[in-house]
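These notes concern the structure reproduced below.
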Amino acid sequence: MKVSLSWLKNYISVDKSIDDLADALTMAGLEVESVSDRYSYLSTVVIGRVVEIKTHPNSDKLKLCNVDVGEQVVSVVCGAPNVKNGILAPCALPGTIFPNGTMLEKCSIRGEVSEGMLCSDVELGLGANSYGIMELEEGFAVGEKLHQALSLSDPVLEIDLTPNRPDCLSLIGTAREIAALQATKLTRPEISLLESDEDITKFTSVTILNPDLCPRYSARLVFDVKIAPSPFWLRDRLVSVGLKPINNIVDVTNFVMMETGQPLHAFDFDRLAKNKIVVRTAKKGEKLTTLDRKQRLLSQEMLMICDGEKPVALAGVMGGLNSEIKQATTRILLESAYFDPVCIRKTSKKTGLATDASHRFERGTDPNGTIFALNRATQLIAEICGGNIIGDTIDEYPKPVPDRVITLSVGSANRRLGTKLSQSDIKKYLSSIEFKVKKIDDDQLRVVPPSFRVDISRFEDLVEEIARLYGYNHIETTFPLIQAKAVRPSKKIDSRYHIKRLLVGLDFTETITYSFINKLSCDRLELKSNDQKRRLINILNPIAEDQSVLRTSLIPGLLETMHYNMAMQNKNLKLFEIGNVFFNTGKEDSQPDEVEMLAGLWTGNRMDDSWLSKGKNCDFYDIKGAVEALLRNLRITNVRFTRMRPEDCCYTKPGHTAQLFVQNKSIGIIGEVLPKVLKNYDLKQQAYIFELNIDNLIEFIPDIKSAKPLPKFPSTSRDITLIVDKDIEAFNIIKSVEVLNENLVENLYLFDVYEGSPIPAGKKSISLRITYRSAFETLEDEMINFLHKNITDRLIKEFNAILPA
C-alpha cells in the first residue's frame with residue numbers, strides 16, 4: 001500500500017518528520033517497507049537559461065539552443081514555440097528518467113547534437129500544459145536542481161500490511177492510525193450533493209438473489225456526464241500511489257477506492273439490458289469477457305453482477321467489456337457493495353485475476369462504508385464530469401452485519417500485557433481508533449469495534465490494540481517467575497548421551513537403521529526355534545518386503561550396514577547403534593514389549609596402515625577392551641566377563657563369546673560373529689560384536705561421583721604365576737584376591753596366559769601383577785613379602801594350583 005504524504009495531509013496534520021512517522025507506524029503494526037520521494041527523478045533536471053538561439057540547418061521547426069546550466073553551456077535541439085533568448089526553463093540532462101519511463105540520452109537530432117532537453121509541465125509530470133516548455137520566473141539560480149528550487153518533495157510510504165488490516169488499505173485508514181498515534185483529529189471530506197427531483201427507482205432496480213454472498217449493494221445514477229481526461233490534480237493523486245489514469249469516471253472510482261478503501265465500479269447505464277442490476281451466481285456454461293478482453297468460462301460458485309439478461313461483471317474482481325465506460329457514455333450507474341470475502345478470494349484464484357478491488361474485498365471491506373464512498377464518488381463525478389445526480393440511492397441490505405460486543409476486563413488486560421493502565425487510559429486508546437467504549441463497572445468495559453475493523457472479535461484482539469497504541473516499547477520487560485533450581489534431566493536420556501559420547505571417543509561411528517527388518521533376519525542369524533528373538537511383530541502395511549517386521553535385535557542392521565560399506569570398499573569399521581527392539585507379547589491388541597539396546601560392531605584392521613606399522617586385524621580382545629573402557633568411564637564396577645556356554649551361542653562363535661555380568665546381573669554379550677551368519681549376509685571378513693541391554697546397564701551407573709586424594713607414598717609390585725586347570729577362568733582368581741579386601745592392594749591385573757610345553761596337558765599358566773601401596777607410609781620389603789606370600793598361598797589352596805618349577 002503506497003501512501004503519498006501530500007495526499008495524506010488532506011485528512012490529518014502530520015507533526016512528525018517522515019522518518020519518525022515511518023518508525024511510529026511500524027511500531028504500531030503497520031510496517032513501513034520503504035520511504036521514497038516521488039520527485040527524486042527531478043534530481044537530474046536543472047534550471048537553465050537560454051543564452052543563444054540558432055536556426056536548425058536541417059529543419060524549419062527545430063531550433064538550436066545554447067543553454068547555460070551553471071557549470072557549462074550545453075547544446076539543446078528544441079521545437080517548442082515559446083522558446084526565446086534569456087528564458088529560464090527546466091533542462092533535463094542525459095540520464096533523466098521521465099514519469100512515463102523513458103530515459104534521456106545524448107543524441108543527434110537531424111544531424112545536430114543535443115545534450116539535454118528543455119521540458120514542458122506534462123513531460124515533467126508537474127502540470128497539464130503541453131503547449132511549450134515550462135517558463136520559470138526570474139530569481140532562480142541557474143544550475144540549481146529543479147525540485148530544490150521549486151521545493152518539490154512528496155515522500156511516499158510503502159506499507160506492508162498484514163492480511164488482517166484491510167482497514168488501512170486506504171488513505172483515510174492510514175490517517176486514522178496516525179491520528180491515534182498523535183492524539184489529533186481526523187478530517188473526513190465533506191459531502192454535499194445537489195440531486196435532481198427525479199427518483200432513482202423510476203430508472204433502475206437492484207435484486208440480490210444470493211444475500212449470503214452479497215449482504216449489501218448500493219447504487220446511484222448520474223446522467224449527462226462527459227467522458228474526458230481527468231484534471232491534473234486527480235491524475236497526479238493516482239500517479240502518486242502507483243495507479244494509471246484512464247478517464248475521469250474511472251479515475252474518480254479509483255481515487256475514492258484509495259481514499260476510503262471501498263472499491264467502486266461504474267457501468268454504462270445505457271448498455272445494461274432492462275436498466276437493472278441482478279446479483280446472482282453464475283449459471284452452468286455461462287461466459288463473460290472481462291475488461292482485459294479475455295473470455296472466461298464461469299463456474300457456478302462465482303458471484304456475478306448481471307443486468308436483465310446477462311452477466312456484466314465478476315463481482316468484486318473485474319467488470320465486463322459489455323458494460324465498460326466509453327467515450328460516448330453519458331449515463332452511468334455507480335456500484336458500491338459489500339461481498340463475502342471467501343467468495344471473492346475463490347473467484348480471484350480460479351480466474352487468476354488479482355485486482356486492487358479483489359485485494360480489498362477478499363480481506364474484508366467495511367459493510368457500513370458503502371454509502372459514504374458512493375456519495376463521495378458521486379460528488380466528484382458531478383464536479384469533474386458535469387453530471388446530473390438522480391435523486392435518492394438504492395441500498396439493498398438484506399443481511400445487516402450485527403455489531404460485535406466484547407466485554408473487556410481492565411485487570412485481565414493489564415495482567416496479559418504486564419502494564420498498569422487505568423480504565424480511562426484504555427478507553428482513550430480504543431476511542432482514538434473509533435471504538436465505542438462504555439463503562440460497565442470499575443473493571444469492565446463494553447466495547448463495540450467499528451464495522452471497518454473486521455479483525456476484531458474477541459478479548460485478545462482488544463488487548464493487542466491496547467498494546468500497539470500504548471507502544472510496545474513502553475511495556476517493561478518481565479521474566480516468568482521460575483525456580484532457580486534446575487530440573488535434572490532424565491537419567492536415561494543423560495546416560496544415553498554420555499554413552500554415545502564415549503563410544504565416539506573410542507573411534508566408533510553411530511549408525512541409525514530402520515526399526516523394520518526383513519522377516520528372514522532371524523534365520524540369517526541362525527536363531528533357534530525357541531529363541532525369544534523370534535517373537536516377531538508383523539507390519540500390516542510394510543513399506544517394502546525387506547521391512548515387514550519390527551526388529552528384535554540391532555545386529556541385522558549393523559551387519560547390513562557392514563555389507564553396504566564393504567561394497568563401497570570401506571573395510572575398517574567400528575560401528576554402534578542405540579535403539580529399541582520389539583517383542584510380541586502374544587496377546588491380541590496389546591502393545592509390544594520394548595527394550596532399549598546398545599550394539600556395536602568392529603571389523604577390519606585394529607588401526608589403519610601407516611609408515612610406522614602395518615595394520616593388524618582386530619580380534620575378540622579389541623572389542624572386549626572397548627566395552628571395558630566404556631563401562632569404566634561410566635564408573636560401573638563389579639563387571640564380570642564369563643565364557644558363554646556353546647549351546648547358548650546363536651549368532652556368535654562358541655569359545656569366542658563372553659557374557660557380561662554386573663553384580664551377577666546379565667547385561668549383554670560380546671563375541672565373534674559366526675562364520676555361517678557372515679555368509680548369510682554375504683560377508684567374507686571377520687566381525688566382532690557386542691550387544692548390551694541399556695535398561696539394565698543404566699541401573700548400575702552411579703548418580704554420585706567420588707574422588708580420593710593422590711597418593712603421597714611410592715608403590716611397589718609383585719608378580720604371581722600359577723599353574724591351574726585349563727577350565728579355570730582368570731576372572732575367578734582375580735576375584736578371590738579382591739574379596740580379601742586388603743587395604744594395601746592398590747591394583748591387580750592379568751598380564752599373561754600360557755598353554756603348551758613345558759606346562760602339563762590340561763593345565764595353563766596364569767600370571768598376575770599386584771601393586772601394593774600405603775596411604776600413610778612407605779612400605780618395607782619385609783611387610784610386602786609377607787603379605788604377598790599369604791595371598792599366593794591362599795590362591796594355591798583355593799584353586800589347587802602349583803608354582804612353576
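By order in the C-alpha cells, chains are A, B, ...; within a chain, residues start at 1; ligands start at 1, following the order shown.
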
Worksheet entry | Close residues, Leu194 (chain A) itself excluded, 12 Å, only C-alpha atoms, min 6 positions apart in chain, as a list in words |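 Selected residues are Val222, Asn375, Thr378, Gln379, Leu380, Ile381, Ala382, Glu383, Gly386, Gly387, Asn388, Ile389, Ile390, Gly391 and Asp392 of chain A.
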
Practice prompt. Considering only C-alpha atoms, return as a VMD selection string whatever protein or nucleic-acid residues lie within 7 Å of region 212-214 of chain A, sequence-local ones (same chain, fewer than 6 positions apart) excluded.
Written response: chain A and resid 338 to 340 343

Selection from above, N, CA and C atoms, as a PDB file, in the first residue's frame, can you write it?
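Contents of part.pdb, as written:
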```pdb
ATOM      1  N   TYR A 338     -20.845  -4.668  -0.664  1.00  0.00           N
ATOM      2  CA  TYR A 338     -20.072  -5.488   0.276  1.00  0.00           C
ATOM      3  C   TYR A 338     -20.286  -6.945  -0.123  1.00  0.00           C
ATOM      4  N   PHE A 339     -19.183  -7.650  -0.432  1.00  0.00           N
ATOM      5  CA  PHE A 339     -19.250  -9.035  -0.868  1.00  0.00           C
ATOM      6  C   PHE A 339     -18.576  -9.950   0.162  1.00  0.00           C
ATOM      7  N   ASP A 340     -18.980 -11.216   0.133  1.00  0.00           N
ATOM      8  CA  ASP A 340     -18.379 -12.202   1.022  1.00  0.00           C
ATOM      9  C   ASP A 340     -16.897 -12.395   0.661  1.00  0.00           C
ATOM     10  N   CYS A 343     -15.862 -15.833  -0.985  1.00  0.00           N
ATOM     11  CA  CYS A 343     -16.344 -15.971  -2.360  1.00  0.00           C
ATOM     12  C   CYS A 343     -15.439 -15.213  -3.332  1.00  0.00           C
TER      13      CYS A 343
END
```

Worksheet entry | Which residue of A:Ala354, A:Thr792, A:Ser218, A:Ile493 approaches Thr370 (chain A) most closely, using only C-alpha atoms |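 The answer is A:Ser218, which sits nearest to Thr370 (chain A).
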
Selection near Val122 (chain A), 12 Å with only C-alpha atoms, sequence-local residues under 4 positions removed, as a PDB file with N, CA and C atoms, in the first residue's frame:
```pdb
ATOM      1  N   PHE A  98      12.011  10.055 -17.130  1.00  0.00           N
ATOM      2  CA  PHE A  98      10.767  10.810 -17.041  1.00  0.00           C
ATOM      3  C   PHE A  98       9.656   9.951 -16.441  1.00  0.00           C
ATOM      4  N   PRO A  99       8.569  10.590 -16.000  1.00  0.00           N
ATOM      5  CA  PRO A  99       7.460   9.834 -15.387  1.00  0.00           C
ATOM      6  C   PRO A  99       6.892   8.724 -16.273  1.00  0.00           C
ATOM      7  N   ASN A 100       6.989   8.902 -17.611  1.00  0.00           N
ATOM      8  CA  ASN A 100       6.470   7.850 -18.491  1.00  0.00           C
ATOM      9  C   ASN A 100       7.445   6.694 -18.679  1.00  0.00           C
ATOM     10  N   LEU A 118      14.865  20.782 -23.075  1.00  0.00           N
ATOM     11  CA  LEU A 118      14.046  21.780 -22.396  1.00  0.00           C
ATOM     12  C   LEU A 118      12.634  21.216 -22.271  1.00  0.00           C
ATOM     13  N   LEU A 126       4.438  17.740 -13.933  1.00  0.00           N
ATOM     14  CA  LEU A 126       4.174  18.816 -12.980  1.00  0.00           C
ATOM     15  C   LEU A 126       2.956  19.654 -13.357  1.00  0.00           C
ATOM     16  N   GLY A 127       2.265  19.279 -14.393  1.00  0.00           N
ATOM     17  CA  GLY A 127       1.102  20.051 -14.802  1.00  0.00           C
ATOM     18  C   GLY A 127       0.509  19.493 -16.067  1.00  0.00           C
ATOM     19  N   ALA A 128      -0.539  20.191 -16.565  1.00  0.00           N
ATOM     20  CA  ALA A 128      -1.252  19.715 -17.752  1.00  0.00           C
ATOM     21  C   ALA A 128      -0.886  20.505 -19.003  1.00  0.00           C
ATOM     22  N   ASN A 129      -0.060  21.537 -18.873  1.00  0.00           N
ATOM     23  CA  ASN A 129       0.282  22.386 -20.020  1.00  0.00           C
ATOM     24  C   ASN A 129       1.316  21.687 -20.895  1.00  0.00           C
ATOM     25  N   SER A 130       0.945  21.400 -22.134  1.00  0.00           N
ATOM     26  CA  SER A 130       1.857  20.746 -23.069  1.00  0.00           C
ATOM     27  C   SER A 130       2.155  21.634 -24.278  1.00  0.00           C
ATOM     28  N   TYR A 131       1.755  22.912 -24.214  1.00  0.00           N
ATOM     29  CA  TYR A 131       1.916  23.815 -25.370  1.00  0.00           C
ATOM     30  C   TYR A 131       3.390  24.069 -25.673  1.00  0.00           C
ATOM     31  N   GLY A 132       4.151  24.307 -24.668  1.00  0.00           N
ATOM     32  CA  GLY A 132       5.561  24.630 -24.871  1.00  0.00           C
ATOM     33  C   GLY A 132       6.350  24.312 -23.622  1.00  0.00           C
ATOM     34  N   ILE A 133       7.588  24.790 -23.598  1.00  0.00           N
ATOM     35  CA  ILE A 133       8.414  24.497 -22.424  1.00  0.00           C
ATOM     36  C   ILE A 133       7.892  25.278 -21.226  1.00  0.00           C
ATOM     37  N   MET A 134       8.226  24.779 -20.057  1.00  0.00           N
ATOM     38  CA  MET A 134       7.792  25.386 -18.799  1.00  0.00           C
ATOM     39  C   MET A 134       8.612  26.655 -18.531  1.00  0.00           C
ATOM     40  N   PHE A 232      -5.578  17.631 -13.822  1.00  0.00           N
ATOM     41  CA  PHE A 232      -4.224  17.266 -13.416  1.00  0.00           C
ATOM     42  C   PHE A 232      -4.156  16.801 -11.963  1.00  0.00           C
ATOM     43  N   ARG A 235      -5.217  13.156 -11.684  1.00  0.00           N
ATOM     44  CA  ARG A 235      -4.226  12.260 -12.268  1.00  0.00           C
ATOM     45  C   ARG A 235      -2.965  12.202 -11.399  1.00  0.00           C
ATOM     46  N   ASP A 236      -2.600  13.351 -10.854  1.00  0.00           N
ATOM     47  CA  ASP A 236      -1.399  13.404 -10.014  1.00  0.00           C
ATOM     48  C   ASP A 236      -1.565  12.572  -8.746  1.00  0.00           C
TER      49      ASP A 236
END
```

Worksheet item: Near region 554-569 of chain A, counting only C-alpha atoms, which residues have an atom at most 8 Å away, once you skip same-chain residues fewer than 5 positions from it, shown as number ranges by chain?
Response: A: 511, 513-514, 517, 521, 525, 575-577, 579, 581, 597-601, 681-683, 691

Kindly save the residues from that selection, with all heavy atoms included, as a compact mmCIF listing (two decimals), in the first residue's frame.
```txt
# COMPACT_ATOMS: atom_id res chain seq x y z
N THR A 511 25.44 -45.35 13.90
CA THR A 511 24.57 -45.61 12.76
C THR A 511 23.12 -45.58 13.24
O THR A 511 22.84 -45.86 14.41
CB THR A 511 24.85 -46.97 12.11
OG1 THR A 511 24.53 -48.00 13.05
CG2 THR A 511 26.29 -47.09 11.69
N THR A 513 19.54 -47.19 11.87
CA THR A 513 18.90 -48.06 10.88
C THR A 513 17.40 -48.13 11.17
O THR A 513 16.93 -47.72 12.23
CB THR A 513 19.49 -49.48 10.92
OG1 THR A 513 19.28 -50.05 12.22
CG2 THR A 513 20.99 -49.44 10.63
N TYR A 514 16.66 -48.65 10.19
CA TYR A 514 15.21 -48.76 10.33
C TYR A 514 14.83 -49.73 11.45
O TYR A 514 15.52 -50.72 11.70
CB TYR A 514 14.58 -49.24 9.03
CG TYR A 514 14.54 -48.20 7.93
CD1 TYR A 514 15.38 -48.30 6.82
CD2 TYR A 514 13.67 -47.13 8.01
CE1 TYR A 514 15.34 -47.35 5.81
CE2 TYR A 514 13.63 -46.17 7.01
CZ TYR A 514 14.47 -46.28 5.91
OH TYR A 514 14.43 -45.34 4.92
N ILE A 517 12.70 -54.65 9.76
CA ILE A 517 13.73 -55.50 9.16
C ILE A 517 13.07 -56.60 8.34
O ILE A 517 11.84 -56.77 8.35
CB ILE A 517 14.64 -56.12 10.24
CG1 ILE A 517 13.82 -56.99 11.21
CG2 ILE A 517 15.41 -55.04 10.99
CD1 ILE A 517 14.68 -57.78 12.19
N SER A 521 15.45 -62.27 8.77
CA SER A 521 16.62 -61.92 9.58
C SER A 521 16.88 -62.94 10.69
O SER A 521 18.04 -63.24 11.00
CB SER A 521 16.44 -60.53 10.19
OG SER A 521 16.40 -59.54 9.19
N LEU A 525 20.36 -65.05 11.19
CA LEU A 525 21.13 -65.02 12.44
C LEU A 525 21.27 -66.40 13.07
O LEU A 525 21.89 -66.53 14.14
CB LEU A 525 20.46 -64.07 13.45
CG LEU A 525 20.56 -62.56 13.16
CD1 LEU A 525 19.82 -61.77 14.22
CD2 LEU A 525 22.00 -62.09 13.06
N LEU A 575 31.35 -49.55 14.39
CA LEU A 575 30.00 -49.00 14.35
C LEU A 575 29.27 -49.29 15.66
O LEU A 575 29.57 -50.28 16.33
CB LEU A 575 29.19 -49.63 13.20
CG LEU A 575 29.83 -49.62 11.80
CD1 LEU A 575 28.97 -50.41 10.84
CD2 LEU A 575 30.00 -48.19 11.33
N PHE A 576 28.32 -48.41 15.98
CA PHE A 576 27.42 -48.71 17.11
C PHE A 576 26.06 -48.09 16.83
O PHE A 576 25.91 -47.17 16.02
CB PHE A 576 27.98 -48.18 18.44
CG PHE A 576 27.81 -46.69 18.65
CD1 PHE A 576 26.69 -46.20 19.34
CD2 PHE A 576 28.73 -45.79 18.18
CE1 PHE A 576 26.52 -44.83 19.55
CE2 PHE A 576 28.58 -44.42 18.38
CZ PHE A 576 27.47 -43.94 19.06
N GLU A 577 25.05 -48.63 17.50
CA GLU A 577 23.70 -48.10 17.38
C GLU A 577 22.97 -48.30 18.71
O GLU A 577 23.13 -49.33 19.38
CB GLU A 577 22.92 -48.81 16.27
CG GLU A 577 21.49 -48.25 16.12
CD GLU A 577 20.71 -48.84 14.95
OE1 GLU A 577 21.19 -49.81 14.34
OE2 GLU A 577 19.62 -48.33 14.66
N GLY A 579 19.04 -48.21 20.11
CA GLY A 579 17.65 -48.18 19.65
C GLY A 579 16.82 -49.24 20.34
O GLY A 579 17.33 -50.12 21.04
N VAL A 581 14.25 -52.45 20.57
CA VAL A 581 13.84 -53.68 19.91
C VAL A 581 12.46 -54.05 20.45
O VAL A 581 12.07 -53.63 21.54
CB VAL A 581 14.85 -54.82 20.14
CG1 VAL A 581 16.18 -54.48 19.50
CG2 VAL A 581 15.05 -55.09 21.62
N MET A 597 18.38 -51.17 23.47
CA MET A 597 19.63 -51.93 23.38
C MET A 597 20.75 -51.06 22.81
O MET A 597 20.51 -50.06 22.11
CB MET A 597 19.45 -53.16 22.49
CG MET A 597 18.38 -54.14 22.96
SD MET A 597 18.83 -54.99 24.49
CE MET A 597 20.18 -56.04 23.91
N LEU A 598 21.98 -51.47 23.12
CA LEU A 598 23.18 -50.88 22.54
C LEU A 598 23.95 -52.01 21.87
O LEU A 598 24.24 -53.02 22.50
CB LEU A 598 24.03 -50.23 23.63
CG LEU A 598 25.50 -49.91 23.26
CD1 LEU A 598 25.57 -48.87 22.15
CD2 LEU A 598 26.28 -49.44 24.49
N ALA A 599 24.25 -51.83 20.58
CA ALA A 599 25.01 -52.85 19.86
C ALA A 599 26.16 -52.19 19.14
O ALA A 599 26.07 -51.03 18.69
CB ALA A 599 24.11 -53.59 18.87
N GLY A 600 27.28 -52.94 19.02
CA GLY A 600 28.44 -52.43 18.32
C GLY A 600 29.06 -53.49 17.45
O GLY A 600 28.86 -54.70 17.66
N LEU A 601 29.84 -53.07 16.45
CA LEU A 601 30.50 -54.00 15.53
C LEU A 601 31.86 -53.45 15.20
O LEU A 601 32.02 -52.25 14.96
CB LEU A 601 29.65 -54.17 14.26
CG LEU A 601 30.20 -55.08 13.17
CD1 LEU A 601 29.06 -55.81 12.46
CD2 LEU A 601 31.02 -54.32 12.13
N TYR A 681 24.86 -63.08 5.22
CA TYR A 681 24.81 -61.66 4.86
C TYR A 681 25.83 -61.32 3.77
O TYR A 681 26.11 -60.13 3.54
CB TYR A 681 25.05 -60.79 6.09
CG TYR A 681 23.83 -60.69 6.99
CD1 TYR A 681 23.63 -61.59 8.02
CD2 TYR A 681 22.87 -59.70 6.76
CE1 TYR A 681 22.50 -61.50 8.83
CE2 TYR A 681 21.75 -59.60 7.57
CZ TYR A 681 21.57 -60.51 8.59
OH TYR A 681 20.44 -60.42 9.40
N ASP A 682 26.37 -62.36 3.13
CA ASP A 682 27.31 -62.19 2.03
C ASP A 682 28.52 -61.37 2.47
O ASP A 682 28.97 -60.46 1.77
CB ASP A 682 26.62 -61.52 0.83
CG ASP A 682 27.42 -61.64 -0.45
OD1 ASP A 682 28.26 -62.56 -0.53
OD2 ASP A 682 27.24 -60.80 -1.36
N LEU A 683 29.04 -61.73 3.66
CA LEU A 683 30.22 -61.05 4.21
C LEU A 683 31.36 -62.05 4.29
O LEU A 683 31.17 -63.21 4.71
CB LEU A 683 29.91 -60.48 5.59
CG LEU A 683 28.85 -59.38 5.64
CD1 LEU A 683 28.46 -59.08 7.08
CD2 LEU A 683 29.36 -58.12 4.96
N GLU A 691 26.53 -56.60 22.36
CA GLU A 691 25.10 -56.28 22.45
C GLU A 691 24.76 -56.15 23.92
O GLU A 691 24.86 -57.11 24.69
CB GLU A 691 24.27 -57.36 21.78
CG GLU A 691 22.83 -56.97 21.52
CD GLU A 691 22.10 -58.00 20.66
OE1 GLU A 691 22.52 -59.17 20.61
OE2 GLU A 691 21.07 -57.63 20.06
```

Discussion item. What's the separation between CA of Ser409 (chain A) and CA of Leu445 (chain A), in Å to one decimal place?
Written reply: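 CA of Ser409 (chain A) sits 6.5 Å away from CA of Leu445 (chain A).
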
Practice prompt. Report the distance between CA of Ile332 (chain A) and CA of Lys274 (chain A) in Å, rounded to one decimal place.
Written response: 14.2 Å

Worksheet item: With only C-alpha atoms as the atoms that count, which of A:Ala687, A:Ile636, A:Val410, A:Leu740 lies nearest to Ile701 (chain A)?
Response: A:Ile636

Practice prompt. Could you tell me which of A:Asn164, A:Asn58, A:Ser108, A:Thr365 comes closest to Ser75 (chain A) if we count only C-alpha atoms?
Written response: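 With only C-alpha atoms as the atom set, the closest residue is A:Ser108.
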
Worksheet item: In Å, with one decimal, what is the gap from CA of Ala228 (chain A) to CA of Pro90 (chain A)?
Response: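 Spanning CA of Ala228 (chain A) to CA of Pro90 (chain A) is a straight-line distance of 28.7 Å.
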
Worksheet item: Between A:Arg551, A:Arg496, A:Arg446, A:Arg216, which one has atoms that come closest to Gly369 (chain A), using only C-alpha atoms?
Response: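 Closest residue, counting only C-alpha atoms: A:Arg216.
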
Fill in: Shell of 12 Å around region 422-437 of chain A, only C-alpha atoms, local chain residues under 6 positions omitted, as an MDAnalysis selection string
chainID A and resid 167:168 172:186 403:414 443:453 456 461:471
